[in-house]
>>> print(open('final_1.pdb').read())   # PDB, C-alpha atoms, pLDDT in the B column
ATOM      1  CA  VAL N   1      98.624  65.292  97.702  1.00 42.00           C
ATOM      2  CA  SER N   2     100.575  64.080  94.739  1.00 45.00           C
ATOM      3  CA  PRO N   3     104.350  63.803  94.617  1.00 46.00           C
ATOM      4  CA  ALA N   4     106.372  66.385  92.736  1.00 47.00           C
ATOM      5  CA  PRO N   5     106.528  65.582  89.044  1.00 46.00           C
ATOM      6  CA  SER N   6     109.933  64.713  87.816  1.00 45.00           C
ATOM      7  CA  ILE N   7     111.665  64.483  84.519  1.00 46.00           C
ATOM      8  CA  SER N   8     114.759  62.453  84.165  1.00 49.00           C
ATOM      9  CA  ALA N   9     117.159  62.846  81.347  1.00 50.00           C
ATOM     10  CA  ASN N  10     120.181  60.752  80.689  1.00 50.00           C
ATOM     11  CA  PRO N  11     121.974  62.106  77.613  1.00 50.00           C
ATOM     12  CA  SER N  12     124.137  58.970  77.442  1.00 55.00           C
ATOM     13  CA  ASN N  13     120.936  56.969  76.836  1.00 59.00           C
ATOM     14  CA  GLY N  14     119.726  59.373  74.175  1.00 60.00           C
ATOM     15  CA  ASP N  15     117.410  61.303  76.505  1.00 62.00           C
ATOM     16  CA  PRO N  16     117.344  65.048  75.839  1.00 62.00           C
ATOM     17  CA  PRO N  17     119.174  67.264  78.340  1.00 71.00           C
ATOM     18  CA  VAL N  18     117.044  69.455  80.564  1.00 76.00           C
ATOM     19  CA  VAL N  19     117.598  72.946  81.909  1.00 82.00           C
ATOM     20  CA  ASP N  20     116.444  74.207  85.301  1.00 88.00           C
ATOM     21  CA  VAL N  21     114.319  77.347  85.018  1.00 90.00           C
ATOM     22  CA  THR N  22     112.772  79.715  87.541  1.00 93.00           C
ATOM     23  CA  THR N  23     110.263  82.512  87.238  1.00 94.00           C
ATOM     24  CA  LEU N  24     108.574  84.849  89.677  1.00 96.00           C
ATOM     25  CA  TYR N  25     104.832  85.354  89.400  1.00 97.00           C
ATOM     26  CA  SER N  26     102.297  87.455  91.315  1.00 96.00           C
ATOM     27  CA  LEU N  27      98.730  86.194  91.416  1.00 96.00           C
ATOM     28  CA  THR N  28      95.899  88.398  92.680  1.00 94.00           C
ATOM     29  CA  PHE N  29      92.529  87.052  93.782  1.00 94.00           C
ATOM     30  CA  MET N  30      89.688  87.921  96.134  1.00 93.00           C
ATOM     31  CA  SER N  31      89.598  86.062  99.444  1.00 92.00           C
ATOM     32  CA  ASP N  32      88.451  86.479 103.037  1.00 89.00           C
ATOM     33  CA  ALA N  33      92.071  86.799 104.174  1.00 89.00           C
ATOM     34  CA  ILE N  34      95.632  85.954 103.273  1.00 93.00           C
ATOM     35  CA  LEU N  35      96.581  82.268 103.246  1.00 95.00           C
ATOM     36  CA  THR N  36      97.213  80.757 106.662  1.00 95.00           C
ATOM     37  CA  ASP N  37     100.416  78.872 107.440  1.00 96.00           C
ATOM     38  CA  ASP N  38      98.380  75.657 107.215  1.00 95.00           C
ATOM     39  CA  GLN N  39      97.018  76.576 103.756  1.00 96.00           C
ATOM     40  CA  ILE N  40     100.313  77.550 102.123  1.00 97.00           C
ATOM     41  CA  PRO N  41     101.624  73.974 101.523  1.00 97.00           C
ATOM     42  CA  ALA N  42      98.307  72.921  99.940  1.00 97.00           C
ATOM     43  CA  PHE N  43      98.282  76.104  97.827  1.00 97.00           C
ATOM     44  CA  GLU N  44     101.816  75.415  96.598  1.00 97.00           C
ATOM     45  CA  ILE N  45     101.152  71.777  95.686  1.00 97.00           C
ATOM     46  CA  THR N  46      97.769  72.465  94.099  1.00 97.00           C
ATOM     47  CA  THR N  47      99.197  75.347  92.061  1.00 97.00           C
ATOM     48  CA  ARG N  48     102.127  73.196  90.878  1.00 96.00           C
ATOM     49  CA  ASP N  49      99.785  70.408  89.809  1.00 95.00           C
ATOM     50  CA  PHE N  50      97.432  72.931  88.169  1.00 95.00           C
ATOM     51  CA  LEU N  51     100.277  74.389  86.095  1.00 93.00           C
ATOM     52  CA  ASN N  52     101.384  70.947  84.921  1.00 91.00           C
ATOM     53  CA  ILE N  53      97.924  69.618  84.095  1.00 91.00           C
ATOM     54  CA  ASN N  54      96.684  72.751  82.337  1.00 90.00           C
ATOM     55  CA  GLN N  55      99.711  73.741  80.303  1.00 84.00           C
ATOM     56  CA  PRO N  56      99.107  73.739  76.551  1.00 73.00           C
ATOM     57  CA  LEU N  57     102.105  71.448  76.062  1.00 68.00           C
ATOM     58  CA  ASP N  58     102.431  67.780  76.900  1.00 61.00           C
ATOM     59  CA  PRO N  59     104.664  67.572  80.024  1.00 56.00           C
ATOM     60  CA  ALA N  60     106.257  64.480  78.513  1.00 59.00           C
ATOM     61  CA  ARG N  61     107.763  66.784  75.877  1.00 63.00           C
ATOM     62  CA  GLY N  62     110.071  68.238  78.478  1.00 65.00           C
ATOM     63  CA  THR N  63     108.445  71.157  80.338  1.00 80.00           C
ATOM     64  CA  VAL N  64     107.511  70.384  83.936  1.00 86.00           C
ATOM     65  CA  VAL N  65     106.819  72.650  86.916  1.00 91.00           C
ATOM     66  CA  VAL N  66     108.640  71.011  89.807  1.00 93.00           C
ATOM     67  CA  LYS N  67     107.929  73.381  92.673  1.00 96.00           C
ATOM     68  CA  VAL N  68     105.872  76.435  93.580  1.00 97.00           C
ATOM     69  CA  THR N  69     106.990  78.435  96.617  1.00 97.00           C
ATOM     70  CA  VAL N  70     104.956  81.243  98.195  1.00 97.00           C
ATOM     71  CA  LEU N  71     107.438  84.044  98.834  1.00 97.00           C
ATOM     72  CA  ASP N  72     105.092  86.734 100.130  1.00 97.00           C
ATOM     73  CA  GLN N  73     101.448  87.664 100.274  1.00 96.00           C
ATOM     74  CA  ARG N  74      99.652  90.883 101.006  1.00 93.00           C
ATOM     75  CA  ILE N  75      96.243  92.466 101.028  1.00 91.00           C
ATOM     76  CA  VAL N  76      96.025  95.035  98.270  1.00 83.00           C
ATOM     77  CA  SER N  77      94.780  98.360  99.617  1.00 73.00           C
ATOM     78  CA  ARG N  78      91.407  99.600  98.478  1.00 61.00           C
ATOM     79  CA  SER N  79      89.039 102.446  99.207  1.00 58.00           C
ATOM     80  CA  ARG N  80      87.004 102.677 102.413  1.00 58.00           C
ATOM     81  CA  ASN N  81      83.729 102.652 100.407  1.00 55.00           C
ATOM     82  CA  LEU N  82      84.681  99.424  98.671  1.00 53.00           C
ATOM     83  CA  ARG N  83      85.710  97.861 102.002  1.00 50.00           C
ATOM     84  CA  ALA N  84      82.261  98.545 103.436  1.00 55.00           C
ATOM     85  CA  LEU N  85      80.577  96.728 100.556  1.00 57.00           C
ATOM     86  CA  GLN N  86      82.702  93.589 100.429  1.00 61.00           C
ATOM     87  CA  THR N  87      83.838  90.948 102.878  1.00 75.00           C
ATOM     88  CA  ALA N  88      86.442  89.538 100.489  1.00 86.00           C
ATOM     89  CA  VAL N  89      89.681  91.457 100.059  1.00 88.00           C
ATOM     90  CA  PRO N  90      92.108  91.518  97.129  1.00 91.00           C
ATOM     91  CA  VAL N  91      95.110  89.351  98.009  1.00 94.00           C
ATOM     92  CA  THR N  92      98.316  89.163  96.005  1.00 95.00           C
ATOM     93  CA  VAL N  93     100.521  86.098  96.395  1.00 97.00           C
ATOM     94  CA  ASP N  94     104.095  86.307  95.113  1.00 97.00           C
ATOM     95  CA  MET N  95     105.467  82.937  94.040  1.00 98.00           C
ATOM     96  CA  LYS N  96     108.711  81.450  92.826  1.00 97.00           C
ATOM     97  CA  ILE N  97     108.013  78.759  90.241  1.00 96.00           C
ATOM     98  CA  ASP N  98     110.757  76.239  89.458  1.00 95.00           C
ATOM     99  CA  GLY N  99     110.690  73.916  86.495  1.00 91.00           C
ATOM    100  CA  VAL N 100     112.698  72.030  83.939  1.00 87.00           C
ATOM    101  CA  VAL N 101     112.582  72.368  80.176  1.00 83.00           C
ATOM    102  CA  SER N 102     114.209  70.525  77.346  1.00 75.00           C
ATOM    103  CA  PRO N 103     116.234  73.065  75.370  1.00 69.00           C
ATOM    104  CA  ASN N 104     115.739  70.986  72.218  1.00 61.00           C
ATOM    105  CA  ASP N 105     111.957  71.044  72.516  1.00 55.00           C
ATOM    106  CA  ASP N 106     110.102  73.167  69.985  1.00 59.00           C
ATOM    107  CA  ILE N 107     108.237  75.230  72.618  1.00 60.00           C
ATOM    108  CA  PRO N 108     106.261  78.235  71.389  1.00 57.00           C
ATOM    109  CA  TYR N 109     106.486  79.905  74.823  1.00 67.00           C
ATOM    110  CA  SER N 110     109.226  80.842  77.236  1.00 82.00           C
ATOM    111  CA  PHE N 111     108.788  79.217  80.659  1.00 86.00           C
ATOM    112  CA  GLU N 112     107.552  82.575  81.992  1.00 90.00           C
ATOM    113  CA  GLY N 113     105.114  82.847  79.088  1.00 87.00           C
ATOM    114  CA  LEU N 114     103.845  79.324  79.650  1.00 87.00           C
ATOM    115  CA  VAL N 115     103.138  80.057  83.323  1.00 91.00           C
ATOM    116  CA  ASP N 116     101.379  83.318  82.409  1.00 93.00           C
ATOM    117  CA  VAL N 117      99.237  81.645  79.713  1.00 90.00           C
ATOM    118  CA  VAL N 118      98.041  78.971  82.128  1.00 92.00           C
ATOM    119  CA  PHE N 119      97.233  81.419  84.947  1.00 94.00           C
ATOM    120  CA  THR N 120      95.487  83.787  82.536  1.00 93.00           C
ATOM    121  CA  THR N 121      93.367  81.266  80.642  1.00 93.00           C
ATOM    122  CA  ARG N 122      92.575  78.650  83.289  1.00 94.00           C
ATOM    123  CA  ARG N 123      91.679  80.676  86.424  1.00 94.00           C
ATOM    124  CA  LEU N 124      88.349  78.927  86.951  1.00 94.00           C
ATOM    125  CA  VAL N 125      90.102  75.552  87.063  1.00 96.00           C
ATOM    126  CA  LEU N 126      92.583  76.851  89.662  1.00 97.00           C
ATOM    127  CA  ARG N 127      89.742  78.304  91.717  1.00 96.00           C
ATOM    128  CA  ASN N 128      87.979  74.910  91.721  1.00 96.00           C
ATOM    129  CA  ASP N 129      91.207  73.031  92.519  1.00 97.00           C
ATOM    130  CA  LEU N 130      91.937  75.344  95.468  1.00 97.00           C
ATOM    131  CA  GLU N 131      88.332  75.069  96.665  1.00 96.00           C
ATOM    132  CA  ASP N 132      88.790  71.275  96.811  1.00 96.00           C
ATOM    133  CA  ASP N 133      91.584  72.023  99.327  1.00 94.00           C
ATOM    134  CA  GLY N 134      89.351  74.337 101.352  1.00 94.00           C
ATOM    135  CA  ILE N 135      90.952  77.511  99.989  1.00 95.00           C
ATOM    136  CA  ILE N 136      88.200  79.798  98.718  1.00 94.00           C
ATOM    137  CA  VAL N 137      89.253  82.418  96.158  1.00 94.00           C
ATOM    138  CA  GLN N 138      87.586  84.444  93.416  1.00 93.00           C
ATOM    139  CA  PHE N 139      89.371  85.944  90.449  1.00 90.00           C
ATOM    140  CA  PRO N 140      88.480  89.361  89.047  1.00 78.00           C
ATOM    141  CA  ASN N 141      87.022  89.294  85.545  1.00 69.00           C
TER     142      ASN N 141
END
>>> encode(input="final_1.pdb", output="structure tokens")
Amino acid sequence: VSPAPSISANPSNGDPPVVDVTTLYSLTFMSDAILTDDQIPAFEITTRDFLNINQPLDPARGTVVVKVTVLDQRIVSRSRNLRALQTAVPVTVDMKIDGVVSPNDDIPYSFEGLVDVVFTTRRLVLRNDLEDDGIIVQFPN
């Protein structure tokens, strides 16, 4: 488990100022069940690291995800016929994602857009990262 990334800015030393940002995001995947209380901390840390490593911008430029918090999770309802055919169920996890951005950075995305781009384009990487933590998920195509 890696420590939370940090970005320090000291405007008096010429460092750019940073702004705290927060977004809410819902991620749906197939799993055997919702995350257990023991899995949630690993999910949060792995997801935070995944967002930082896979963002299309260099984190040194001033955009860093500092914390991911699972707010809620639920099994998405589905038809009885589909239930009989599958052991995995669709699970939606609602997260609060906190970060910092440099307002002077020339970022082509909003923070929300950046998070969405990473989750949308790099699902396989997240699946593999979570699997390394013993959390088995599949994403719909």
>>> closest_residue(input="final_1.pdb", among="N:Gly99, N:Thr36, N:Val65, N:Val137", to="Ile53 (chain N)", atoms="all atoms listed in the file")
N:Val65
>>> resolve_selection(input="final_1.pdb", expression="the PyMOL selection byres ((chain N and resi 40) around 12)", output="tab-separated table (two decimals) with C-alpha atoms, in the coordinates of the input")
chain	number	residue	atom	x	y	z
N	34	ILE	CA	95.63	85.95	103.27
N	35	LEU	CA	96.58	82.27	103.25
N	36	THR	CA	97.21	80.76	106.66
N	37	ASP	CA	100.42	78.87	107.44
N	38	ASP	CA	98.38	75.66	107.22
N	39	GLN	CA	97.02	76.58	103.76
N	41	PRO	CA	101.62	73.97	101.52
N	42	ALA	CA	98.31	72.92	99.94
N	43	PHE	CA	98.28	76.10	97.83
N	44	GLU	CA	101.82	75.42	96.60
N	45	ILE	CA	101.15	71.78	95.69
N	46	THR	CA	97.77	72.46	94.10
N	47	THR	CA	99.20	75.35	92.06
N	68	VAL	CA	105.87	76.44	93.58
N	69	THR	CA	106.99	78.44	96.62
N	70	VAL	CA	104.96	81.24	98.20
N	71	LEU	CA	107.44	84.04	98.83
N	72	ASP	CA	105.09	86.73	100.13
N	73	GLN	CA	101.45	87.66	100.27
N	93	VAL	CA	100.52	86.10	96.40
N	94	ASP	CA	104.10	86.31	95.11
N	95	MET	CA	105.47	82.94	94.04
N	130	LEU	CA	91.94	75.34	95.47
N	133	ASP	CA	91.58	72.02	99.33
N	134	GLY	CA	89.35	74.34	101.35
N	135	ILE	CA	90.95	77.51	99.99
>>> atom_distance(input="final_1.pdb", atom1="CA of Ile97 (chain N)", atom2="CA of Lys67 (chain N)")
5.9 Å
>>> atom_distance(input="final_1.pdb", atom1="CA of Thr92 (chain N)", atom2="CA of Met30 (chain N)")
8.7 Å
>>> resolve_selection(input="final_1.pdb", expression="the PyMOL selection byres ((chain N and resi 88) around 7)", output="list in words")
Met30, Ser31, Asp32, Gln86, Thr87, Val89 and Pro90 of chain N
>>> write_last_selection(input="final_1.pdb", atoms="C-alpha atoms", output="PDB file, in the coordinates of the input")
ATOM      1  CA  MET N  30      89.688  87.921  96.134  1.00 93.00           C
ATOM      2  CA  SER N  31      89.598  86.062  99.444  1.00 92.00           C
ATOM      3  CA  ASP N  32      88.451  86.479 103.037  1.00 89.00           C
ATOM      4  CA  GLN N  86      82.702  93.589 100.429  1.00 61.00           C
ATOM      5  CA  THR N  87      83.838  90.948 102.878  1.00 75.00           C
ATOM      6  CA  VAL N  89      89.681  91.457 100.059  1.00 88.00           C
ATOM      7  CA  PRO N  90      92.108  91.518  97.129  1.00 91.00           C
TER       8      PRO N  90
END
>>> residues_around(input="final_1.pdb", residues="Phe111 (chain N)", least_positions_apart="6", cutoff="12 Å", atoms="only C-alpha atoms", output="list in words")
Val19, Asp20, Val21, Thr22, Thr23, Leu24, Tyr25, Leu51, Asn52, Gln55, Pro56, Leu57, Gly62, Thr63, Val64, Val65, Ile97, Asp98, Gly99, Val100, Val101, Ser102, Pro103, Asp105, Val117 and Val118 of chain N
>>> atom_distance(input="final_1.pdb", atom1="CA of Phe139 (chain N)", atom2="CA of Arg122 (chain N)")
10.7 Å
>>> resolve_selection(input="final_1.pdb", expression="the PyMOL selection byres ((chain N and resi 75) around 6)", output="PyMOL selection string")
chain N and resi 74+76+90-91
